[in-house]
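Enquirer: Please see the structure below; I have some questions.
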Amino acid sequence: MGNAVIIGTGSFLPSFVLTNHDLEMMVDTSDEWIVTRTGIKERRICPRNMASSDMGVEAAKAACKDAGISFDKIDFIICATVSPDKFFPSTACLIQAKLGIKDIPAFDISAACSGFIFGLEIARSLISRDGYKTGLIIASECMSRLTDYTDRSICVLLGDGAGAAIVRASDAEGIMGSYISSDGSYGDILNAPAGGSARPASFDTVEKRMHFMKMEGAVLFKIAIQTMCEAINKLLKRFNLKKEDISLVVPHQANLRIINGVAKSMGMPPEKFYVNIEKYGNMSAACIPIALDEASKKGLIKRGDIVVTVAFGGGLTWGANLIKWAK
């Protein structure tokens with residue numbers, strides 16, 4: 001059994017909803033402007049007594065329940081996040097402890113919004129090459145903790161949430177393959193300038209609000225469409241598939257105009273792209289697993305369907321997974 005299949009999905013969303021009308025009272029913006037420019041109407045915000053690991057635990061529990069497995073069947077944990085609880089230990093290790101699992105590898109990956117896609121590919125490799133049988137892949141993001149609510153270009157975009165998937169060894173096709181890539185020369189157009197070893201926290205970095213996310217949206221817009229289309233086309237070519245063979249595309253939920261731009265550039269109907277950005281905004285790496293979970297539970301993905309996940313993120317990173325749905 002050298003292949004890896006997704007046997008369960010789960011998600012967690014905080015109960016507190018921050019609407020566009022709420023933001024109108026915080027910064028100089030409007031519901032009409034936000035919806036027209038982004039497609040977002042509301043987003044979820046994590047309460048102060050929760051962190052990324054807490055949301056990840058809830059998503060993991062939901063995914064295990066969906067897969068019908070107990071925690072002791074998990075052989076490794078991968079957590080994709082750019083909003084970890086702390087620098088170390090890893091958020092994956094914190095989740096491992098909270099789930100009561102011992103003596104398995106647990107580690108974080110940092111690929112921003114592409115994190116879940118990178119995580120699925122790592123899980124596929126661990127299962128197909130290294131003999132692991134069952135993996136838990138989580139993407140959990142408290143993006144509100146990286147949000148400057150005085151910056152109207154950023155604060156309208158971001159929300160919090162967590163999604164997870166259980167991946168298991170199988171003789172079915174499952175995760176057929178992935179295309180992942182990065183270009184670090186674009187690192188400055190989407191980043192958090194301070195907080196690491198290059199610019200540790202100081203009075204100056206706090207005063208200048210350098211611990212919050214910064215983005216050059218106009219530059220990123222074109223690159224996002226180009227790289228997402230590239231990732232999809234590379235996978236289709238590798239597996240000798242046509243775009244008509246795709247049952248559903250689950251894209252990163254950064255901006256509705258970007259998603260529509262990808263659909264147009266690919267010559268695909270927008271209806272083939274699963275969209276939930278209006279409810280949750282951009283949750284970085286958590287967008288795709290939450291969308292996968294929703295689409296699956298709504299019956300929009302059926303056994304044997306070809307599903308493509310695709311994203312771009314800070315780094316810059318981008319990639320796509322080609323999945324034959326086996327649930």
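Ordering of the structure tokens sets the chain letters (A, B, ...); residue numbers start at 1 within each chain; ligands are numbered from 1 in the order shown.
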Show me, as a list in words, the residues that have an atom within 9 Å of Leu120 in chain A when counting only C-alpha atoms, minus same-chain residues fewer than 6 positions from it.

Expert: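 Close residues of Leu120 in chain A: Ile78, Ile137, Ala165, Val167, Ile175, Ser178 and Asn321 of chain A.
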
Enquirer: Apply DSSP to the backbone of this structure and, from range 121-313 of chain A, keep only the residues in strand (DSSP E or B); write these as an NGL selection string.

Expert: :A and (134-142 or 158 or 160-170 or 174-182 or 190-191 or 214-215 or 248-251 or 273 or 282 or 306-313)

Enquirer: For those residues, write N, CA and C atoms to a file as a compact mmCIF listing (two decimals), in the first residue's frame.

Expert:
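Saved the output as again_36.txt:
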# COMPACT_ATOMS: atom_id res chain seq x y z
N THR A 134 -0.56 6.28 8.97
CA THR A 134 -1.64 7.25 9.18
C THR A 134 -1.06 8.57 9.67
N GLY A 135 -1.41 9.67 8.98
CA GLY A 135 -0.91 10.98 9.37
C GLY A 135 -2.03 11.97 9.61
N LEU A 136 -1.77 12.91 10.51
CA LEU A 136 -2.70 14.00 10.81
C LEU A 136 -2.06 15.29 10.30
N ILE A 137 -2.71 15.94 9.33
CA ILE A 137 -2.22 17.19 8.78
C ILE A 137 -3.19 18.29 9.19
N ILE A 138 -2.66 19.30 9.86
CA ILE A 138 -3.46 20.39 10.41
C ILE A 138 -2.95 21.72 9.85
N ALA A 139 -3.87 22.63 9.58
CA ALA A 139 -3.51 24.02 9.31
C ALA A 139 -4.33 24.87 10.26
N SER A 140 -3.65 25.60 11.13
CA SER A 140 -4.36 26.39 12.13
C SER A 140 -3.76 27.79 12.18
N GLU A 141 -4.61 28.79 12.07
CA GLU A 141 -4.12 30.17 11.97
C GLU A 141 -4.94 31.15 12.80
N CYS A 142 -4.27 31.87 13.67
CA CYS A 142 -4.83 33.03 14.37
C CYS A 142 -4.34 34.28 13.66
N LEU A 158 -8.40 39.42 6.88
CA LEU A 158 -7.93 38.25 7.62
C LEU A 158 -8.92 37.74 8.66
N ASP A 160 -9.66 33.91 11.38
CA ASP A 160 -9.06 32.79 12.12
C ASP A 160 -9.83 31.50 11.89
N GLY A 161 -9.12 30.38 11.98
CA GLY A 161 -9.77 29.08 11.86
C GLY A 161 -8.74 27.97 11.73
N ALA A 162 -9.22 26.74 11.76
CA ALA A 162 -8.33 25.58 11.63
C ALA A 162 -9.03 24.48 10.85
N GLY A 163 -8.25 23.78 10.05
CA GLY A 163 -8.76 22.62 9.31
C GLY A 163 -7.78 21.48 9.41
N ALA A 164 -8.26 20.26 9.22
CA ALA A 164 -7.38 19.09 9.35
C ALA A 164 -7.83 17.98 8.43
N ALA A 165 -6.89 17.10 8.14
CA ALA A 165 -7.19 15.92 7.33
C ALA A 165 -6.42 14.73 7.88
N ILE A 166 -7.05 13.56 7.81
CA ILE A 166 -6.39 12.29 8.14
C ILE A 166 -6.01 11.62 6.83
N VAL A 167 -4.73 11.30 6.70
CA VAL A 167 -4.22 10.66 5.48
C VAL A 167 -3.71 9.27 5.86
N ARG A 168 -4.11 8.28 5.08
CA ARG A 168 -3.76 6.89 5.42
C ARG A 168 -3.20 6.16 4.20
N ALA A 169 -2.31 5.20 4.45
CA ALA A 169 -1.77 4.34 3.39
C ALA A 169 -2.88 3.51 2.77
N SER A 170 -2.83 3.35 1.45
CA SER A 170 -3.88 2.63 0.74
C SER A 170 -3.35 2.16 -0.60
N GLY A 174 -5.82 8.11 -4.38
CA GLY A 174 -5.76 9.14 -3.35
C GLY A 174 -5.04 10.39 -3.80
N ILE A 175 -4.04 10.82 -3.02
CA ILE A 175 -3.25 11.99 -3.36
C ILE A 175 -2.30 11.58 -4.49
N MET A 176 -2.69 11.92 -5.70
CA MET A 176 -1.95 11.44 -6.87
C MET A 176 -0.58 12.11 -7.00
N GLY A 177 -0.52 13.39 -6.68
CA GLY A 177 0.74 14.11 -6.77
C GLY A 177 0.55 15.56 -6.45
N SER A 178 1.65 16.28 -6.38
CA SER A 178 1.61 17.70 -6.03
C SER A 178 2.64 18.45 -6.85
N TYR A 179 2.41 19.75 -6.97
CA TYR A 179 3.41 20.66 -7.52
C TYR A 179 3.60 21.76 -6.49
N ILE A 180 4.81 21.93 -5.98
CA ILE A 180 5.08 22.97 -5.00
C ILE A 180 6.32 23.75 -5.42
N SER A 181 6.30 25.06 -5.15
CA SER A 181 7.43 25.89 -5.56
C SER A 181 7.51 27.14 -4.67
N SER A 182 8.63 27.83 -4.76
CA SER A 182 8.85 29.04 -3.98
C SER A 182 9.79 29.98 -4.74
N LEU A 190 5.07 40.30 1.02
CA LEU A 190 4.07 39.74 1.94
C LEU A 190 4.83 39.15 3.12
N ASN A 191 4.83 39.87 4.25
CA ASN A 191 5.64 39.43 5.37
C ASN A 191 5.24 40.14 6.66
N LYS A 214 2.37 42.82 6.58
CA LYS A 214 2.44 43.88 5.58
C LYS A 214 2.33 43.24 4.19
N MET A 215 1.70 43.95 3.27
CA MET A 215 1.47 43.35 1.95
C MET A 215 1.43 44.43 0.88
N LEU A 248 -13.63 19.51 -9.07
CA LEU A 248 -13.73 20.69 -8.21
C LEU A 248 -12.33 21.23 -7.94
N VAL A 249 -12.21 22.54 -7.98
CA VAL A 249 -10.98 23.22 -7.57
C VAL A 249 -11.25 23.86 -6.21
N VAL A 250 -10.39 23.59 -5.26
CA VAL A 250 -10.49 24.20 -3.93
C VAL A 250 -9.31 25.16 -3.80
N PRO A 251 -9.55 26.46 -4.07
CA PRO A 251 -8.44 27.43 -4.06
C PRO A 251 -8.27 28.10 -2.71
N PHE A 273 -15.09 26.20 -8.92
CA PHE A 273 -14.20 26.65 -7.84
C PHE A 273 -15.03 26.80 -6.57
N ASN A 282 -9.63 35.56 4.62
CA ASN A 282 -8.37 34.85 4.38
C ASN A 282 -7.84 34.30 5.70
N ILE A 306 -12.00 13.99 -9.19
CA ILE A 306 -10.68 14.59 -9.23
C ILE A 306 -10.78 15.99 -8.64
N VAL A 307 -10.07 16.20 -7.54
CA VAL A 307 -10.08 17.49 -6.85
C VAL A 307 -8.69 18.10 -6.92
N VAL A 308 -8.64 19.40 -7.18
CA VAL A 308 -7.38 20.13 -7.19
C VAL A 308 -7.42 21.20 -6.11
N THR A 309 -6.45 21.20 -5.22
CA THR A 309 -6.26 22.30 -4.29
C THR A 309 -5.14 23.18 -4.84
N VAL A 310 -5.25 24.49 -4.66
CA VAL A 310 -4.23 25.38 -5.21
C VAL A 310 -4.14 26.64 -4.35
N ALA A 311 -2.90 27.12 -4.14
CA ALA A 311 -2.70 28.28 -3.28
C ALA A 311 -1.40 28.99 -3.63
N PHE A 312 -1.31 30.22 -3.14
CA PHE A 312 -0.07 30.99 -3.13
C PHE A 312 0.03 31.63 -1.75
N GLY A 313 1.23 31.97 -1.34
CA GLY A 313 1.37 32.58 -0.03
C GLY A 313 2.71 33.25 0.16

Enquirer: So that I can check the surroundings of Asp188 in chain A, please list as a PDB file with N, CA and C atoms, in the first residue's frame every protein, DNA and RNA residue that reaches within 10 Å of it, counting only C-alpha atoms and ignoring chain neighbours fewer than 4 positions away.

Expert:
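Just written: result-v9.pdb:
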ATOM      1  N   GLY A 184      11.981  33.116  -3.092  1.00  0.00           N
ATOM      2  CA  GLY A 184      12.274  33.976  -1.957  1.00  0.00           C
ATOM      3  C   GLY A 184      12.574  35.419  -2.316  1.00  0.00           C
ATOM      4  N   ALA A 192       5.772  39.629   7.777  1.00  0.00           N
ATOM      5  CA  ALA A 192       5.714  40.315   9.063  1.00  0.00           C
ATOM      6  C   ALA A 192       7.138  40.760   9.359  1.00  0.00           C
ATOM      7  N   PRO A 193       7.442  42.048   9.306  1.00  0.00           N
ATOM      8  CA  PRO A 193       8.826  42.522   9.307  1.00  0.00           C
ATOM      9  C   PRO A 193       9.619  42.225  10.580  1.00  0.00           C
ATOM     10  N   LYS A 214       2.366  42.823   6.584  1.00  0.00           N
ATOM     11  CA  LYS A 214       2.443  43.880   5.579  1.00  0.00           C
ATOM     12  C   LYS A 214       2.334  43.238   4.195  1.00  0.00           C
ATOM     13  N   MET A 215       1.701  43.946   3.272  1.00  0.00           N
ATOM     14  CA  MET A 215       1.468  43.349   1.947  1.00  0.00           C
ATOM     15  C   MET A 215       1.431  44.427   0.875  1.00  0.00           C
ATOM     16  N   GLU A 216       2.041  44.114  -0.265  1.00  0.00           N
ATOM     17  CA  GLU A 216       1.910  44.941  -1.452  1.00  0.00           C
ATOM     18  C   GLU A 216       0.880  44.273  -2.358  1.00  0.00           C
ATOM     19  N   GLY A 314       2.902  33.833   1.320  1.00  0.00           N
ATOM     20  CA  GLY A 314       4.143  34.531   1.623  1.00  0.00           C
ATOM     21  C   GLY A 314       5.338  33.613   1.479  1.00  0.00           C
ATOM     22  N   GLY A 315       6.388  34.175   0.965  1.00  0.00           N
ATOM     23  CA  GLY A 315       7.618  33.406   0.731  1.00  0.00           C
ATOM     24  C   GLY A 315       8.432  33.915  -0.456  1.00  0.00           C
ATOM     25  N   LEU A 316       7.815  34.062  -1.622  1.00  0.00           N
ATOM     26  CA  LEU A 316       6.486  33.555  -1.960  1.00  0.00           C
ATOM     27  C   LEU A 316       6.510  32.046  -2.153  1.00  0.00           C
TER      28      LEU A 316
END

Enquirer: Which residues are near Ala326 in chain A? Cut-off 9 Å, only C-alpha atoms, ignore same chain within fewer than 5 positions. Put them as an mmCIF file with N, CA and C atoms, in the first residue's frame.

Expert:
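In the end it all went to out_9.cif:
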data_model
loop_
_atom_site.group_PDB
_atom_site.id
_atom_site.type_symbol
_atom_site.label_atom_id
_atom_site.label_comp_id
_atom_site.auth_asym_id
_atom_site.auth_seq_id
_atom_site.Cartn_x
_atom_site.Cartn_y
_atom_site.Cartn_z
ATOM 1 N N VAL A 5 -4.284 8.257 0.937
ATOM 2 C CA VAL A 5 -5.631 8.759 0.666
ATOM 3 C C VAL A 5 -6.126 9.558 1.861
ATOM 4 N N ILE A 6 -6.986 10.533 1.591
ATOM 5 C CA ILE A 6 -7.638 11.290 2.657
ATOM 6 C C ILE A 6 -8.863 10.502 3.101
ATOM 7 N N ILE A 7 -8.896 10.125 4.374
ATOM 8 C CA ILE A 7 -10.019 9.329 4.881
ATOM 9 C C ILE A 7 -10.915 10.119 5.836
ATOM 10 N N ALA A 172 -5.419 2.526 -3.113
ATOM 11 C CA ALA A 172 -6.161 3.422 -3.997
ATOM 12 C C ALA A 172 -5.270 4.594 -4.398
ATOM 13 N N GLU A 173 -5.709 5.363 -5.402
ATOM 14 C CA GLU A 173 -4.869 6.453 -5.909
ATOM 15 C C GLU A 173 -4.732 7.598 -4.898
ATOM 16 N N GLY A 174 -5.818 8.106 -4.378
ATOM 17 C CA GLY A 174 -5.759 9.138 -3.355
ATOM 18 C C GLY A 174 -5.037 10.395 -3.802
ATOM 19 N N LYS A 302 -17.505 13.683 -4.500
ATOM 20 C CA LYS A 302 -17.915 12.283 -4.408
ATOM 21 C C LYS A 302 -16.726 11.371 -4.674
ATOM 22 N N ARG A 303 -16.855 10.147 -4.204
ATOM 23 C CA ARG A 303 -15.787 9.154 -4.386
ATOM 24 C C ARG A 303 -15.431 9.024 -5.865
ATOM 25 N N GLY A 304 -14.144 9.123 -6.156
ATOM 26 C CA GLY A 304 -13.682 9.027 -7.536
ATOM 27 C C GLY A 304 -13.506 10.365 -8.227
ATOM 28 N N ASP A 305 -14.026 11.458 -7.620
ATOM 29 C CA ASP A 305 -13.858 12.786 -8.210
ATOM 30 C C ASP A 305 -12.393 13.207 -8.188
#

Enquirer: Which residues, written as a ChimeraX atom specification, have at least one atom at most 12 Å from Asp130 in chain A, with only C-alpha atoms counted and residues fewer than 4 positions away on the same chain left out?

Expert: /A:1-4,75-76,122-126,134,169

Enquirer: Could you save those same residues with N, CA and C atoms as an mmCIF file, in the first residue's frame?

Expert:
data_model
loop_
_atom_site.group_PDB
_atom_site.id
_atom_site.type_symbol
_atom_site.label_atom_id
_atom_site.label_comp_id
_atom_site.auth_asym_id
_atom_site.auth_seq_id
_atom_site.Cartn_x
_atom_site.Cartn_y
_atom_site.Cartn_z
ATOM 1 N N MET A 1 0.852 -1.188 0.000
ATOM 2 C CA MET A 1 0.000 0.000 0.000
ATOM 3 C C MET A 1 0.889 1.241 0.000
ATOM 4 N N GLY A 2 1.334 1.659 -1.182
ATOM 5 C CA GLY A 2 2.268 2.761 -1.282
ATOM 6 C C GLY A 2 1.641 4.104 -1.547
ATOM 7 N N ASN A 3 0.319 4.168 -1.605
ATOM 8 C CA ASN A 3 -0.348 5.429 -1.869
ATOM 9 C C ASN A 3 -0.922 6.018 -0.582
ATOM 10 N N ALA A 4 -1.345 7.280 -0.652
ATOM 11 C CA ALA A 4 -1.928 7.957 0.498
ATOM 12 C C ALA A 4 -3.283 8.529 0.121
ATOM 13 N N ASP A 75 0.326 8.230 13.279
ATOM 14 C CA ASP A 75 1.761 7.952 13.252
ATOM 15 C C ASP A 75 2.619 9.209 13.147
ATOM 16 N N PHE A 76 2.058 10.320 12.701
ATOM 17 C CA PHE A 76 2.801 11.575 12.648
ATOM 18 C C PHE A 76 1.811 12.738 12.559
ATOM 19 N N ILE A 122 4.151 16.413 1.914
ATOM 20 C CA ILE A 122 5.077 15.781 2.860
ATOM 21 C C ILE A 122 4.469 14.495 3.418
ATOM 22 N N ALA A 123 3.178 14.551 3.754
ATOM 23 C CA ALA A 123 2.488 13.368 4.281
ATOM 24 C C ALA A 123 2.469 12.246 3.251
ATOM 25 N N ARG A 124 2.211 12.600 2.004
ATOM 26 C CA ARG A 124 2.212 11.592 0.929
ATOM 27 C C ARG A 124 3.575 10.919 0.831
ATOM 28 N N SER A 125 4.624 11.720 0.948
ATOM 29 C CA SER A 125 5.973 11.173 0.861
ATOM 30 C C SER A 125 6.294 10.269 2.050
ATOM 31 N N LEU A 126 5.917 10.690 3.254
ATOM 32 C CA LEU A 126 6.178 9.878 4.440
ATOM 33 C C LEU A 126 5.481 8.519 4.348
ATOM 34 N N THR A 134 -0.563 6.279 8.973
ATOM 35 C CA THR A 134 -1.636 7.253 9.182
ATOM 36 C C THR A 134 -1.059 8.572 9.674
ATOM 37 N N ALA A 169 -2.313 5.196 4.450
ATOM 38 C CA ALA A 169 -1.770 4.339 3.392
ATOM 39 C C ALA A 169 -2.879 3.505 2.774
#

Enquirer: Show which residues sit within 12 Å of Asp28 in chain A, as a ChimeraX atom specification. Count only C-alpha atoms, and ignore same-chain residues fewer than 4 positions away.

Expert: /A:20-24,33-34,149-153,155-156

Enquirer: Next, the residues of the selection above should be written as a PDB file, in the first residue's frame with N, CA and C atoms.

Expert:
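Result went into result-v3.pdb, see below:
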ATOM      1  N   ASN A  20     -18.281  43.289   8.179  1.00  0.00           N
ATOM      2  CA  ASN A  20     -17.818  44.504   7.524  1.00  0.00           C
ATOM      3  C   ASN A  20     -18.368  45.748   8.214  1.00  0.00           C
ATOM      4  N   HIS A  21     -19.595  45.657   8.710  1.00  0.00           N
ATOM      5  CA  HIS A  21     -20.191  46.801   9.411  1.00  0.00           C
ATOM      6  C   HIS A  21     -19.443  47.091  10.713  1.00  0.00           C
ATOM      7  N   ASP A  22     -18.934  46.051  11.371  1.00  0.00           N
ATOM      8  CA  ASP A  22     -18.095  46.263  12.550  1.00  0.00           C
ATOM      9  C   ASP A  22     -16.836  47.026  12.168  1.00  0.00           C
ATOM     10  N   LEU A  23     -16.236  46.649  11.042  1.00  0.00           N
ATOM     11  CA  LEU A  23     -15.002  47.301  10.603  1.00  0.00           C
ATOM     12  C   LEU A  23     -15.234  48.747  10.197  1.00  0.00           C
ATOM     13  N   GLU A  24     -16.445  49.054   9.724  1.00  0.00           N
ATOM     14  CA  GLU A  24     -16.770  50.437   9.385  1.00  0.00           C
ATOM     15  C   GLU A  24     -16.619  51.365  10.588  1.00  0.00           C
ATOM     16  N   TRP A  33     -17.224  48.739  -0.268  1.00  0.00           N
ATOM     17  CA  TRP A  33     -15.840  48.704  -0.748  1.00  0.00           C
ATOM     18  C   TRP A  33     -15.219  47.345  -0.499  1.00  0.00           C
ATOM     19  N   ILE A  34     -15.418  46.793   0.690  1.00  0.00           N
ATOM     20  CA  ILE A  34     -14.804  45.506   1.039  1.00  0.00           C
ATOM     21  C   ILE A  34     -15.340  44.395   0.142  1.00  0.00           C
ATOM     22  N   TYR A 149      -5.281  46.524  13.038  1.00  0.00           N
ATOM     23  CA  TYR A 149      -6.644  47.007  12.824  1.00  0.00           C
ATOM     24  C   TYR A 149      -6.721  48.521  12.625  1.00  0.00           C
ATOM     25  N   THR A 150      -5.554  49.147  12.392  1.00  0.00           N
ATOM     26  CA  THR A 150      -5.539  50.532  11.917  1.00  0.00           C
ATOM     27  C   THR A 150      -5.179  50.599  10.431  1.00  0.00           C
ATOM     28  N   ASP A 151      -4.850  49.462   9.846  1.00  0.00           N
ATOM     29  CA  ASP A 151      -4.462  49.382   8.433  1.00  0.00           C
ATOM     30  C   ASP A 151      -5.651  48.838   7.648  1.00  0.00           C
ATOM     31  N   ARG A 152      -6.375  49.718   6.993  1.00  0.00           N
ATOM     32  CA  ARG A 152      -7.619  49.295   6.340  1.00  0.00           C
ATOM     33  C   ARG A 152      -7.391  48.392   5.129  1.00  0.00           C
ATOM     34  N   SER A 153      -6.179  48.394   4.578  1.00  0.00           N
ATOM     35  CA  SER A 153      -5.916  47.523   3.428  1.00  0.00           C
ATOM     36  C   SER A 153      -5.704  46.074   3.846  1.00  0.00           C
ATOM     37  N   CYS A 155      -6.709  44.801   7.408  1.00  0.00           N
ATOM     38  CA  CYS A 155      -7.596  44.284   8.449  1.00  0.00           C
ATOM     39  C   CYS A 155      -8.918  43.739   7.908  1.00  0.00           C
ATOM     40  N   VAL A 156      -9.304  44.144   6.698  1.00  0.00           N
ATOM     41  CA  VAL A 156     -10.564  43.646   6.128  1.00  0.00           C
ATOM     42  C   VAL A 156     -10.416  42.223   5.600  1.00  0.00           C
TER      43      VAL A 156
END
